[in-house]
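Chemist: The file below is structure.cif, mmCIF, C-alpha atoms (C1' of nucleotides):
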```cif
data_target
loop_
_atom_site.group_PDB
_atom_site.id
_atom_site.type_symbol
_atom_site.label_atom_id
_atom_site.label_comp_id
_atom_site.auth_asym_id
_atom_site.auth_seq_id
_atom_site.Cartn_x
_atom_site.Cartn_y
_atom_site.Cartn_z
ATOM 1 C CA MET D 1 11.017 8.522 -17.401
ATOM 2 C CA ALA D 2 11.695 5.684 -14.989
ATOM 3 C CA THR D 3 13.210 6.643 -11.662
ATOM 4 C CA GLY D 4 13.618 3.376 -9.812
ATOM 5 C CA ALA D 5 12.775 -0.271 -9.329
ATOM 6 C CA LEU D 6 10.362 -1.635 -6.760
ATOM 7 C CA PRO D 7 13.039 -2.988 -4.431
ATOM 8 C CA PRO D 8 14.738 -1.252 -2.712
ATOM 9 C CA CYS D 9 11.649 0.909 -2.333
ATOM 10 C CA CYS D 10 9.631 -2.119 -1.202
ATOM 11 C CA GLY D 11 11.094 -3.731 1.880
ATOM 12 C CA ALA D 12 12.658 -0.550 3.234
ATOM 13 C CA ARG D 13 9.790 1.893 3.778
ATOM 14 C CA PRO D 14 6.431 1.866 5.546
ATOM 15 C CA THR D 15 3.606 0.326 3.521
ATOM 16 C CA VAL D 16 1.464 3.463 3.617
ATOM 17 C CA GLU D 17 4.364 5.452 2.203
ATOM 18 C CA ILE D 18 4.848 2.869 -0.548
ATOM 19 C CA ALA D 19 1.135 3.040 -1.397
ATOM 20 C CA ARG D 20 1.573 6.761 -2.063
ATOM 21 C CA ARG D 21 4.854 6.264 -3.869
ATOM 22 C CA LEU D 22 3.293 3.724 -6.235
ATOM 23 C CA LEU D 23 0.986 6.391 -7.645
ATOM 24 C CA GLY D 24 2.394 7.267 -11.053
ATOM 25 C CA ALA D 25 4.330 3.998 -11.356
ATOM 26 C CA MET D 26 4.020 2.026 -14.582
ATOM 27 C CA VAL D 27 2.536 -1.458 -14.750
ATOM 28 C CA ILE D 28 3.859 -3.267 -17.831
ATOM 29 C CA ARG D 29 2.325 -6.525 -19.008
ATOM 30 C CA ASP D 30 3.458 -8.632 -21.969
ATOM 31 C CA LEU D 31 0.621 -10.557 -23.596
ATOM 32 C CA PRO D 32 0.420 -12.771 -26.689
ATOM 33 C CA GLU D 33 -1.259 -9.875 -28.545
ATOM 34 C CA GLY D 34 1.433 -7.421 -27.490
ATOM 35 C CA ARG D 35 2.470 -5.159 -24.667
ATOM 36 C CA VAL D 36 -0.017 -3.258 -22.532
ATOM 37 C CA ALA D 37 0.865 -0.694 -19.883
ATOM 38 C CA GLY D 38 -0.730 1.819 -17.577
ATOM 39 C CA ARG D 39 0.230 4.129 -14.776
ATOM 40 C CA ILE D 40 -1.126 3.575 -11.295
ATOM 41 C CA VAL D 41 -3.640 6.215 -10.214
ATOM 42 C CA GLU D 42 -5.302 4.543 -7.190
ATOM 43 C CA THR D 43 -3.973 2.317 -4.379
ATOM 44 C CA GLU D 44 -4.896 0.951 -0.964
ATOM 45 C CA ALA D 45 -2.598 -0.146 1.881
ATOM 46 C CA TYR D 46 -3.134 -3.295 3.988
ATOM 47 C CA LEU D 47 -1.026 -3.648 7.146
ATOM 48 C CA GLN D 48 -0.288 -6.427 9.580
ATOM 49 C CA ASP D 49 -2.083 -4.742 12.487
ATOM 50 C CA ASP D 50 -5.082 -4.106 10.241
ATOM 51 C CA PRO D 51 -8.264 -6.184 10.705
ATOM 52 C CA ALA D 52 -8.969 -5.948 6.957
ATOM 53 C CA CYS D 53 -5.606 -7.464 5.968
ATOM 54 C CA HIS D 54 -5.679 -11.028 4.606
ATOM 55 C CA GLY D 55 -2.401 -11.873 6.345
ATOM 56 C CA VAL D 56 -3.709 -11.512 9.876
ATOM 57 C CA ARG D 57 -6.739 -12.210 11.974
ATOM 58 C CA GLU D 58 -8.147 -10.660 15.089
ATOM 59 C CA LEU D 59 -8.162 -12.922 18.123
ATOM 60 C CA PRO D 60 -10.989 -12.923 20.682
ATOM 61 C CA ASP D 61 -8.848 -10.829 23.018
ATOM 62 C CA GLY D 62 -8.518 -8.145 20.383
ATOM 63 C CA THR D 63 -4.884 -8.737 19.455
ATOM 64 C CA MET D 64 -3.767 -9.515 15.912
ATOM 65 C CA ALA D 65 -2.087 -12.770 14.860
ATOM 66 C CA HIS D 66 -0.475 -13.782 11.572
ATOM 67 C CA ARG D 67 -2.435 -16.359 9.619
ATOM 68 C CA GLN D 68 -0.645 -17.757 6.600
ATOM 69 C CA THR D 69 -2.744 -19.885 4.256
ATOM 70 C CA ALA D 70 -2.384 -21.305 0.762
ATOM 71 C CA ARG D 71 -4.168 -18.296 -0.661
ATOM 72 C CA ASN D 72 -2.183 -15.535 0.988
ATOM 73 C CA ALA D 73 1.264 -17.198 1.097
ATOM 74 C CA ALA D 74 2.712 -14.606 -1.294
ATOM 75 C CA MET D 75 2.044 -11.911 1.291
ATOM 76 C CA PHE D 76 4.569 -13.660 3.527
ATOM 77 C CA GLY D 77 7.151 -13.841 0.759
ATOM 78 C CA PRO D 78 9.762 -11.310 -0.354
ATOM 79 C CA PRO D 79 8.909 -7.672 -1.084
ATOM 80 C CA GLY D 80 8.469 -6.531 -4.651
ATOM 81 C CA CYS D 81 6.468 -9.623 -5.591
ATOM 82 C CA ALA D 82 2.817 -9.836 -6.587
ATOM 83 C CA TYR D 83 0.034 -11.144 -4.372
ATOM 84 C CA VAL D 84 -2.819 -12.129 -6.704
ATOM 85 C CA TYR D 85 -6.015 -13.652 -5.364
ATOM 86 C CA PHE D 86 -9.455 -14.553 -6.664
ATOM 87 C CA THR D 87 -12.633 -13.201 -5.113
ATOM 88 C CA TYR D 88 -16.400 -12.929 -5.565
ATOM 89 C CA GLY D 89 -16.271 -15.868 -7.949
ATOM 90 C CA ASN D 90 -15.199 -13.553 -10.755
ATOM 91 C CA HIS D 91 -12.299 -11.257 -10.075
ATOM 92 C CA PHE D 92 -8.567 -11.315 -9.558
ATOM 93 C CA MET D 93 -6.944 -8.628 -7.392
ATOM 94 C CA LEU D 94 -3.380 -7.421 -7.898
ATOM 95 C CA ASN D 95 -1.287 -6.422 -4.882
ATOM 96 C CA VAL D 96 2.358 -5.495 -4.347
ATOM 97 C CA VAL D 97 4.060 -7.146 -1.351
ATOM 98 C CA THR D 98 5.768 -4.325 0.510
ATOM 99 C CA GLN D 99 7.682 -5.707 3.500
ATOM 100 C CA PRO D 100 10.381 -8.333 4.190
ATOM 101 C CA ALA D 101 9.424 -12.003 4.187
ATOM 102 C CA GLY D 102 7.274 -12.960 7.158
ATOM 103 C CA MET D 103 5.664 -9.528 7.402
ATOM 104 C CA PRO D 104 2.320 -9.696 5.548
ATOM 105 C CA GLU D 105 1.676 -6.210 4.226
ATOM 106 C CA ALA D 106 0.681 -5.211 0.697
ATOM 107 C CA VAL D 107 -0.700 -2.500 -1.542
ATOM 108 C CA LEU D 108 -3.767 -3.172 -3.699
ATOM 109 C CA ILE D 109 -3.636 -1.671 -7.195
ATOM 110 C CA ARG D 110 -7.135 -0.282 -7.723
ATOM 111 C CA ALA D 111 -6.932 1.690 -10.971
ATOM 112 C CA LEU D 112 -4.666 2.422 -13.932
ATOM 113 C CA GLU D 113 -4.542 5.075 -16.615
ATOM 114 C CA PRO D 114 -3.891 3.251 -19.923
ATOM 115 C CA MET D 115 -0.617 4.266 -21.577
ATOM 116 C CA GLU D 116 0.028 1.548 -24.164
ATOM 117 C CA GLY D 117 -2.007 -1.172 -25.861
ATOM 118 C CA LEU D 118 -5.400 0.406 -25.281
ATOM 119 C CA GLU D 119 -6.972 -1.604 -28.110
ATOM 120 C CA ILE D 120 -5.838 -4.833 -26.499
ATOM 121 C CA MET D 121 -7.324 -3.798 -23.165
ATOM 122 C CA LEU D 122 -10.617 -2.751 -24.733
ATOM 123 C CA ALA D 123 -10.834 -6.114 -26.487
ATOM 124 C CA ARG D 124 -10.040 -8.114 -23.340
ATOM 125 C CA ARG D 125 -12.646 -6.169 -21.383
ATOM 126 C CA GLY D 126 -15.252 -6.266 -24.132
ATOM 127 C CA VAL D 127 -15.956 -2.540 -23.869
ATOM 128 C CA ASP D 128 -15.469 0.487 -26.105
ATOM 129 C CA ASN D 129 -15.047 3.209 -23.486
ATOM 130 C CA PRO D 130 -11.375 3.620 -22.483
ATOM 131 C CA ARG D 131 -12.356 4.573 -18.959
ATOM 132 C CA GLU D 132 -14.015 1.181 -18.497
ATOM 133 C CA THR D 133 -10.805 -0.745 -19.154
ATOM 134 C CA THR D 134 -8.992 -0.168 -15.884
ATOM 135 C CA ASN D 135 -11.042 1.970 -13.455
ATOM 136 C CA GLY D 136 -11.360 -0.748 -10.813
ATOM 137 C CA PRO D 137 -9.223 -3.550 -9.335
ATOM 138 C CA GLY D 138 -11.128 -6.406 -10.961
ATOM 139 C CA LYS D 139 -11.368 -4.596 -14.278
ATOM 140 C CA LEU D 140 -7.671 -3.870 -14.585
ATOM 141 C CA THR D 141 -6.630 -7.471 -13.935
ATOM 142 C CA ARG D 142 -8.934 -8.593 -16.735
ATOM 143 C CA ALA D 143 -7.652 -5.894 -19.081
ATOM 144 C CA LEU D 144 -4.065 -6.963 -18.341
ATOM 145 C CA GLY D 145 -4.670 -10.722 -18.320
ATOM 146 C CA ILE D 146 -3.540 -11.125 -14.730
ATOM 147 C CA GLY D 147 -4.532 -14.351 -13.006
ATOM 148 C CA ARG D 148 -3.496 -16.921 -10.466
ATOM 149 C CA GLU D 149 -0.350 -17.882 -12.376
ATOM 150 C CA LEU D 150 1.182 -14.506 -11.458
ATOM 151 C CA ASP D 151 0.666 -14.971 -7.724
ATOM 152 C CA GLY D 152 4.135 -14.622 -6.184
ATOM 153 C CA HIS D 153 5.671 -13.284 -9.402
ATOM 154 C CA ASP D 154 8.701 -10.976 -9.072
ATOM 155 C CA LEU D 155 7.477 -7.607 -10.321
ATOM 156 C CA ALA D 156 10.947 -6.652 -11.541
ATOM 157 C CA GLN D 157 10.661 -9.275 -14.297
ATOM 158 C CA PRO D 158 8.556 -9.835 -17.415
ATOM 159 C CA PRO D 159 5.827 -10.687 -18.186
ATOM 160 C CA LEU D 160 4.544 -8.382 -15.439
ATOM 161 C CA GLN D 161 6.648 -5.468 -14.224
ATOM 162 C CA ILE D 162 6.154 -2.371 -12.118
ATOM 163 C CA VAL D 163 8.575 0.503 -12.642
ATOM 164 C CA LEU D 164 8.581 3.556 -10.388
ATOM 165 C CA HIS D 165 8.406 6.991 -11.978
ATOM 166 C CA ASP D 166 8.626 10.488 -10.530
ATOM 167 C CA PRO D 167 6.562 10.777 -7.331
ATOM 168 C CA ILE D 168 3.153 12.425 -7.598
ATOM 169 C CA PRO D 169 3.272 15.788 -5.771
ATOM 170 C CA GLU D 170 1.650 15.612 -2.352
ATOM 171 C CA ALA D 171 -0.889 18.258 -3.340
ATOM 172 C CA GLU D 172 -2.180 15.965 -6.090
ATOM 173 C CA ILE D 173 -2.708 12.934 -3.827
ATOM 174 C CA VAL D 174 -6.124 12.480 -2.259
ATOM 175 C CA THR D 175 -6.219 10.406 0.946
ATOM 176 C CA THR D 176 -9.454 8.685 1.914
ATOM 177 C CA THR D 177 -10.992 5.508 3.315
ATOM 178 C CA ARG D 178 -10.825 2.110 1.633
ATOM 179 C CA ILE D 179 -13.596 0.648 -0.500
ATOM 180 C CA GLY D 180 -15.555 -2.587 -0.315
ATOM 181 C CA ILE D 181 -14.295 -3.849 3.036
ATOM 182 C CA SER D 182 -16.315 -4.614 6.152
ATOM 183 C CA ARG D 183 -13.622 -4.172 8.786
ATOM 184 C CA ALA D 184 -11.516 -1.151 9.683
ATOM 185 C CA ILE D 185 -13.636 0.850 7.274
ATOM 186 C CA ASP D 186 -12.455 4.223 8.555
ATOM 187 C CA TYR D 187 -8.696 3.760 8.180
ATOM 188 C CA PRO D 188 -7.469 6.472 5.758
ATOM 189 C CA TRP D 189 -5.384 4.148 3.611
ATOM 190 C CA ARG D 190 -6.728 4.711 0.108
ATOM 191 C CA PHE D 191 -4.863 7.065 -2.175
ATOM 192 C CA TYR D 192 -5.566 8.405 -5.646
ATOM 193 C CA VAL D 193 -4.425 11.038 -8.107
ATOM 194 C CA ARG D 194 -6.676 14.064 -7.787
ATOM 195 C CA GLY D 195 -8.993 14.545 -10.737
ATOM 196 C CA ASN D 196 -7.757 11.515 -12.674
ATOM 197 C CA HIS D 197 -10.365 10.116 -15.056
ATOM 198 C CA TRP D 198 -9.618 6.470 -14.215
ATOM 199 C CA VAL D 199 -10.078 6.604 -10.435
ATOM 200 C CA SER D 200 -12.726 4.031 -9.501
ATOM 201 C CA ARG D 201 -14.782 6.274 -7.230
ATOM 202 C CA LYS D 202 -14.578 9.638 -5.555
ATOM 203 C "C1'" DA B 1 -19.434 -31.455 5.835
ATOM 204 C "C1'" DG B 2 -21.982 -27.345 5.547
ATOM 205 C "C1'" DA B 3 -22.310 -22.383 5.954
ATOM 206 C "C1'" DA B 4 -20.686 -17.849 5.520
ATOM 207 C "C1'" DT B 5 -17.915 -14.410 3.526
ATOM 208 C "C1'" DG B 6 -15.922 -11.461 0.187
ATOM 209 C "C1'" DA B 7 -9.986 -5.557 -0.952
ATOM 210 C "C1'" DT B 8 -16.134 -6.593 -7.167
ATOM 211 C "C1'" DC B 9 -18.795 -5.887 -11.215
ATOM 212 C "C1'" DC B 10 -22.892 -5.664 -13.909
ATOM 213 C "C1'" DT B 11 -27.650 -4.948 -14.684
ATOM 214 C "C1'" DC B 12 -31.426 -3.208 -13.712
ATOM 215 C "C1'" DT B 13 -34.672 0.810 -11.625
ATOM 216 C "C1'" DG U 1 -28.684 3.112 -5.539
ATOM 217 C "C1'" DA U 2 -29.943 -1.635 -4.832
ATOM 218 C "C1'" DG U 3 -29.553 -6.430 -5.606
ATOM 219 C "C1'" DG U 4 -27.841 -10.561 -7.828
ATOM 220 C "C1'" DA U 5 -24.008 -13.304 -9.887
ATOM 221 C "C1'" DT U 6 -20.654 -16.680 -8.725
ATOM 222 C "C1'" DC U 7 -17.250 -19.693 -6.403
ATOM 223 C "C1'" DA U 8 -12.765 -20.222 -3.936
ATOM 224 C "C1'" DT U 9 -11.435 -19.880 0.538
ATOM 225 C "C1'" DT U 10 -12.119 -19.851 5.307
ATOM 226 C "C1'" DC U 11 -14.667 -20.558 9.389
ATOM 227 C "C1'" DT U 12 -17.604 -23.343 12.412
ATOM 228 C "C1'" DC U 13 -19.584 -27.441 14.022
#
```
Here is the file; what I need is its structure written in the form of structure tokens.

Modeler:
Amino acid sequence: MATGALPPCCGARPTVEIARRLLGAMVIRDLPEGRVAGRIVETEAYLQDDPACHGVRELPDGTMAHRQTARNAAMFGPPGCAYVYFTYGNHFMLNVVTQPAGMPEAVLIRALEPMEGLEIMLARRGVDNPRETTNGPGKLTRALGIGRELDGHDLAQPPLQIVLHDPIPEAEIVTTTRIGISRAIDYPWRFYVRGNHWVSRK
DNA sequence: AGAATGATCCTCT
DNA sequence: GAGGATCATTCTC
């Protein structure tokens, strides 16, 4: 059962809180083959005073400054929109912009539990194990056909929507450090649903 | 202009 | 668990 839309949640609460609140939310993607959907089971927060955040850079004196570029422009746009970027020559990453325009913070969607259209996701991924469809940020964008054209897309609208559902109980949320980054590696801003089969790594 | 980096994934061992 | 793939973007000269 849906319990809310992204805004006003996005744009009115701290990014770390939104990263936790997004656990359990449904990602709905309309593709030529049909609709696919999954619930979010793993997220990471990126903040504007965070050396690992694409929207800022650390100056020689140690302070943080905004740095808007063609790639990360969506981070500086309105909350509730997608920030999609390409990395490692192979993978798209899906983020939710969480703060008002000009404030570059976002939540990376790292894993989904498939809820609809599993056969489509298996086919797009070229695998036969359901767990391998969406248990990582690069995998889930391939399974859902998410690419550059959805950078800046309003996530309240088709063909890519995120709908909030009931919050995951605090006792079921595991808080830990982020994965695959080289800066600010000990910030505890990764969250996942305890025991969920689709979490990328424990 | 050239070099380095990267919010990853896959294929080995 | 380690290393390579692969290339757009960003940084440095």

Chemist: Write out, as JSON lines, each residue of chain D that has an atom at most 10 Å from chain B, together with the closest pair of atoms and their distance in Å to one decimal, counting only C-alpha atoms (C1' of nucleotides), rows going by chain and rising number.

Modeler:
```
{"residue": "D:Glu44", "atom": "CA", "partner": "B:DA7", "partner_atom": "C1'", "distance": 8.3}
{"residue": "D:Ala45", "atom": "CA", "partner": "B:DA7", "partner_atom": "C1'", "distance": 9.6}
{"residue": "D:Tyr46", "atom": "CA", "partner": "B:DA7", "partner_atom": "C1'", "distance": 8.7}
{"residue": "D:Ala52", "atom": "CA", "partner": "B:DA7", "partner_atom": "C1'", "distance": 8.0}
{"residue": "D:Cys53", "atom": "CA", "partner": "B:DA7", "partner_atom": "C1'", "distance": 8.4}
{"residue": "D:His54", "atom": "CA", "partner": "B:DA7", "partner_atom": "C1'", "distance": 8.9}
{"residue": "D:Phe86", "atom": "CA", "partner": "B:DG6", "partner_atom": "C1'", "distance": 9.9}
{"residue": "D:Thr87", "atom": "CA", "partner": "B:DG6", "partner_atom": "C1'", "distance": 6.5}
{"residue": "D:Tyr88", "atom": "CA", "partner": "B:DG6", "partner_atom": "C1'", "distance": 6.0}
{"residue": "D:Gly89", "atom": "CA", "partner": "B:DG6", "partner_atom": "C1'", "distance": 9.3}
{"residue": "D:Asn90", "atom": "CA", "partner": "B:DT8", "partner_atom": "C1'", "distance": 7.9}
{"residue": "D:His91", "atom": "CA", "partner": "B:DT8", "partner_atom": "C1'", "distance": 6.7}
{"residue": "D:Phe92", "atom": "CA", "partner": "B:DT8", "partner_atom": "C1'", "distance": 9.2}
{"residue": "D:Met93", "atom": "CA", "partner": "B:DA7", "partner_atom": "C1'", "distance": 7.8}
{"residue": "D:Leu94", "atom": "CA", "partner": "B:DA7", "partner_atom": "C1'", "distance": 9.8}
{"residue": "D:Asn95", "atom": "CA", "partner": "B:DA7", "partner_atom": "C1'", "distance": 9.6}
{"residue": "D:Val107", "atom": "CA", "partner": "B:DA7", "partner_atom": "C1'", "distance": 9.8}
{"residue": "D:Leu108", "atom": "CA", "partner": "B:DA7", "partner_atom": "C1'", "distance": 7.2}
{"residue": "D:Ile109", "atom": "CA", "partner": "B:DA7", "partner_atom": "C1'", "distance": 9.7}
{"residue": "D:Arg110", "atom": "CA", "partner": "B:DA7", "partner_atom": "C1'", "distance": 9.0}
{"residue": "D:Gly136", "atom": "CA", "partner": "B:DT8", "partner_atom": "C1'", "distance": 8.4}
{"residue": "D:Pro137", "atom": "CA", "partner": "B:DT8", "partner_atom": "C1'", "distance": 7.9}
{"residue": "D:Gly138", "atom": "CA", "partner": "B:DT8", "partner_atom": "C1'", "distance": 6.3}
{"residue": "D:Lys139", "atom": "CA", "partner": "B:DC9", "partner_atom": "C1'", "distance": 8.1}
{"residue": "D:Arg178", "atom": "CA", "partner": "B:DA7", "partner_atom": "C1'", "distance": 8.1}
{"residue": "D:Ile179", "atom": "CA", "partner": "B:DA7", "partner_atom": "C1'", "distance": 7.2}
{"residue": "D:Gly180", "atom": "CA", "partner": "B:DA7", "partner_atom": "C1'", "distance": 6.3}
{"residue": "D:Ile181", "atom": "CA", "partner": "B:DA7", "partner_atom": "C1'", "distance": 6.1}
{"residue": "D:Ser182", "atom": "CA", "partner": "B:DG6", "partner_atom": "C1'", "distance": 9.1}
```

Chemist: List every residue of chain U that has an atom at most 9 Å from any atom of chain D, and for each one report the closest atom pair and its distance in Å to one decimal, counting all atoms listed in the file, with rows sorted by chain and then by increasing residue number, as a Markdown table.

Modeler:
```
| residue | atom | partner | partner_atom | distance |
| --- | --- | --- | --- | --- |
| U:DA5 | C1' | D:Gly89 | CA | 8.4 |
| U:DT6 | C1' | D:Gly89 | CA | 4.5 |
| U:DC7 | C1' | D:Gly89 | CA | 4.2 |
| U:DA8 | C1' | D:Gly89 | CA | 6.9 |
| U:DT9 | C1' | D:Arg71 | CA | 7.5 |
```

Chemist: For D:Gly11, find every residue with an atom within 7 Å (counting only C-alpha atoms (C1' of nucleotides)), except residues of its own chain fewer than 2 positions away, and show them as a list in words.

Modeler: Pro7, Pro8, Cys9, Arg13, Pro79, Thr98, Gln99 and Pro100 of chain D

Chemist: Save the residues we just selected, C-alpha atoms, as a PDB file, in the frame of the given file?

Modeler:
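What follows is the written file selection28.pdb:
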```
ATOM      1  CA  PRO D   7      13.039  -2.988  -4.431  1.00  0.00           C
ATOM      2  CA  PRO D   8      14.738  -1.252  -2.712  1.00  0.00           C
ATOM      3  CA  CYS D   9      11.649   0.909  -2.333  1.00  0.00           C
ATOM      4  CA  ARG D  13       9.790   1.893   3.778  1.00  0.00           C
ATOM      5  CA  PRO D  79       8.909  -7.672  -1.084  1.00  0.00           C
ATOM      6  CA  THR D  98       5.768  -4.325   0.510  1.00  0.00           C
ATOM      7  CA  GLN D  99       7.682  -5.707   3.500  1.00  0.00           C
ATOM      8  CA  PRO D 100      10.381  -8.333   4.190  1.00  0.00           C
TER       9      PRO D 100
END
```

Chemist: Interatomic distance between atom CA of D:Glu42 and atom CA of D:Ile168?

Modeler: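 Value for the atom CA of D:Glu42-atom CA of D:Ile168 distance: 11.6 Å.
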
Chemist: Mind pulling up the distance from atom CA of D:Arg194 to atom CA of D:Thr175?

Modeler: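 Between atom CA of D:Thr175 and atom CA of D:Arg194 the gap works out to 9.5 Å.
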
Chemist: Can you take the partial stretch 41-62 of chain D, add N, CA, C and O atoms, and return it as a PDB file, in the frame of the given file?

Modeler:
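Wrote it out as out_8.pdb, contents follow:
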```
ATOM      1  N   VAL D  41      -3.016   4.962 -10.666  1.00  0.00           N
ATOM      2  CA  VAL D  41      -3.640   6.215 -10.214  1.00  0.00           C
ATOM      3  C   VAL D  41      -4.454   6.031  -8.924  1.00  0.00           C
ATOM      4  O   VAL D  41      -4.994   7.009  -8.401  1.00  0.00           O
ATOM      5  N   GLU D  42      -4.541   4.780  -8.423  1.00  0.00           N
ATOM      6  CA  GLU D  42      -5.302   4.543  -7.190  1.00  0.00           C
ATOM      7  C   GLU D  42      -4.750   3.308  -6.482  1.00  0.00           C
ATOM      8  O   GLU D  42      -4.548   2.269  -7.119  1.00  0.00           O
ATOM      9  N   THR D  43      -4.508   3.438  -5.166  1.00  0.00           N
ATOM     10  CA  THR D  43      -3.973   2.317  -4.379  1.00  0.00           C
ATOM     11  C   THR D  43      -4.642   2.260  -3.005  1.00  0.00           C
ATOM     12  O   THR D  43      -5.254   3.229  -2.558  1.00  0.00           O
ATOM     13  N   GLU D  44      -4.489   1.090  -2.361  1.00  0.00           N
ATOM     14  CA  GLU D  44      -4.896   0.951  -0.964  1.00  0.00           C
ATOM     15  C   GLU D  44      -3.831   0.166  -0.214  1.00  0.00           C
ATOM     16  O   GLU D  44      -3.283  -0.803  -0.735  1.00  0.00           O
ATOM     17  N   ALA D  45      -3.582   0.544   1.046  1.00  0.00           N
ATOM     18  CA  ALA D  45      -2.598  -0.146   1.881  1.00  0.00           C
ATOM     19  C   ALA D  45      -3.293  -1.117   2.824  1.00  0.00           C
ATOM     20  O   ALA D  45      -4.376  -0.838   3.349  1.00  0.00           O
ATOM     21  N   TYR D  46      -2.660  -2.293   3.017  1.00  0.00           N
ATOM     22  CA  TYR D  46      -3.134  -3.295   3.988  1.00  0.00           C
ATOM     23  C   TYR D  46      -1.967  -3.688   4.872  1.00  0.00           C
ATOM     24  O   TYR D  46      -0.943  -4.167   4.391  1.00  0.00           O
ATOM     25  N   LEU D  47      -2.130  -3.494   6.201  1.00  0.00           N
ATOM     26  CA  LEU D  47      -1.026  -3.648   7.146  1.00  0.00           C
ATOM     27  C   LEU D  47      -1.246  -4.808   8.101  1.00  0.00           C
ATOM     28  O   LEU D  47      -2.367  -5.287   8.257  1.00  0.00           O
ATOM     29  N   GLN D  48      -0.167  -5.224   8.761  1.00  0.00           N
ATOM     30  CA  GLN D  48      -0.288  -6.427   9.580  1.00  0.00           C
ATOM     31  C   GLN D  48      -0.989  -6.196  10.926  1.00  0.00           C
ATOM     32  O   GLN D  48      -1.297  -7.163  11.613  1.00  0.00           O
ATOM     33  N   ASP D  49      -1.259  -4.953  11.288  1.00  0.00           N
ATOM     34  CA  ASP D  49      -2.083  -4.742  12.487  1.00  0.00           C
ATOM     35  C   ASP D  49      -3.469  -4.227  12.092  1.00  0.00           C
ATOM     36  O   ASP D  49      -4.139  -3.550  12.857  1.00  0.00           O
ATOM     37  N   ASP D  50      -3.887  -4.638  10.894  1.00  0.00           N
ATOM     38  CA  ASP D  50      -5.082  -4.106  10.241  1.00  0.00           C
ATOM     39  C   ASP D  50      -6.114  -5.223  10.114  1.00  0.00           C
ATOM     40  O   ASP D  50      -5.872  -6.225   9.461  1.00  0.00           O
ATOM     41  N   PRO D  51      -7.269  -5.105  10.744  1.00  0.00           N
ATOM     42  CA  PRO D  51      -8.264  -6.184  10.705  1.00  0.00           C
ATOM     43  C   PRO D  51      -8.715  -6.556   9.293  1.00  0.00           C
ATOM     44  O   PRO D  51      -9.219  -7.657   9.080  1.00  0.00           O
ATOM     45  N   ALA D  52      -8.540  -5.665   8.331  1.00  0.00           N
ATOM     46  CA  ALA D  52      -8.969  -5.948   6.957  1.00  0.00           C
ATOM     47  C   ALA D  52      -7.899  -6.666   6.149  1.00  0.00           C
ATOM     48  O   ALA D  52      -8.147  -7.047   5.008  1.00  0.00           O
ATOM     49  N   CYS D  53      -6.711  -6.856   6.708  1.00  0.00           N
ATOM     50  CA  CYS D  53      -5.606  -7.464   5.968  1.00  0.00           C
ATOM     51  C   CYS D  53      -5.740  -8.983   5.920  1.00  0.00           C
ATOM     52  O   CYS D  53      -5.998  -9.616   6.947  1.00  0.00           O
ATOM     53  N   HIS D  54      -5.561  -9.574   4.747  1.00  0.00           N
ATOM     54  CA  HIS D  54      -5.679 -11.028   4.606  1.00  0.00           C
ATOM     55  C   HIS D  54      -4.636 -11.785   5.418  1.00  0.00           C
ATOM     56  O   HIS D  54      -4.838 -12.942   5.751  1.00  0.00           O
ATOM     57  N   GLY D  55      -3.514 -11.163   5.704  1.00  0.00           N
ATOM     58  CA  GLY D  55      -2.401 -11.873   6.345  1.00  0.00           C
ATOM     59  C   GLY D  55      -2.510 -12.020   7.848  1.00  0.00           C
ATOM     60  O   GLY D  55      -1.652 -12.660   8.467  1.00  0.00           O
ATOM     61  N   VAL D  56      -3.558 -11.437   8.419  1.00  0.00           N
ATOM     62  CA  VAL D  56      -3.709 -11.512   9.876  1.00  0.00           C
ATOM     63  C   VAL D  56      -5.161 -11.807  10.229  1.00  0.00           C
ATOM     64  O   VAL D  56      -6.046 -11.740   9.383  1.00  0.00           O
ATOM     65  N   ARG D  57      -5.368 -12.130  11.484  1.00  0.00           N
ATOM     66  CA  ARG D  57      -6.739 -12.210  11.974  1.00  0.00           C
ATOM     67  C   ARG D  57      -6.789 -11.674  13.400  1.00  0.00           C
ATOM     68  O   ARG D  57      -5.794 -11.697  14.125  1.00  0.00           O
ATOM     69  N   GLU D  58      -7.961 -11.240  13.774  1.00  0.00           N
ATOM     70  CA  GLU D  58      -8.147 -10.660  15.089  1.00  0.00           C
ATOM     71  C   GLU D  58      -8.577 -11.761  16.044  1.00  0.00           C
ATOM     72  O   GLU D  58      -9.552 -12.476  15.798  1.00  0.00           O
ATOM     73  N   LEU D  59      -7.832 -11.916  17.125  1.00  0.00           N
ATOM     74  CA  LEU D  59      -8.162 -12.922  18.123  1.00  0.00           C
ATOM     75  C   LEU D  59      -9.257 -12.406  19.054  1.00  0.00           C
ATOM     76  O   LEU D  59      -9.525 -11.208  19.095  1.00  0.00           O
ATOM     77  N   PRO D  60      -9.902 -13.339  19.780  1.00  0.00           N
ATOM     78  CA  PRO D  60     -10.989 -12.923  20.682  1.00  0.00           C
ATOM     79  C   PRO D  60     -10.568 -11.830  21.665  1.00  0.00           C
ATOM     80  O   PRO D  60     -11.384 -10.995  22.053  1.00  0.00           O
ATOM     81  N   ASP D  61      -9.295 -11.843  22.059  1.00  0.00           N
ATOM     82  CA  ASP D  61      -8.848 -10.829  23.018  1.00  0.00           C
ATOM     83  C   ASP D  61      -8.499  -9.491  22.357  1.00  0.00           C
ATOM     84  O   ASP D  61      -8.017  -8.573  23.006  1.00  0.00           O
ATOM     85  N   GLY D  62      -8.733  -9.414  21.057  1.00  0.00           N
ATOM     86  CA  GLY D  62      -8.518  -8.145  20.383  1.00  0.00           C
ATOM     87  C   GLY D  62      -7.142  -7.964  19.770  1.00  0.00           C
ATOM     88  O   GLY D  62      -6.934  -7.011  19.022  1.00  0.00           O
TER      89      GLY D  62
END
```
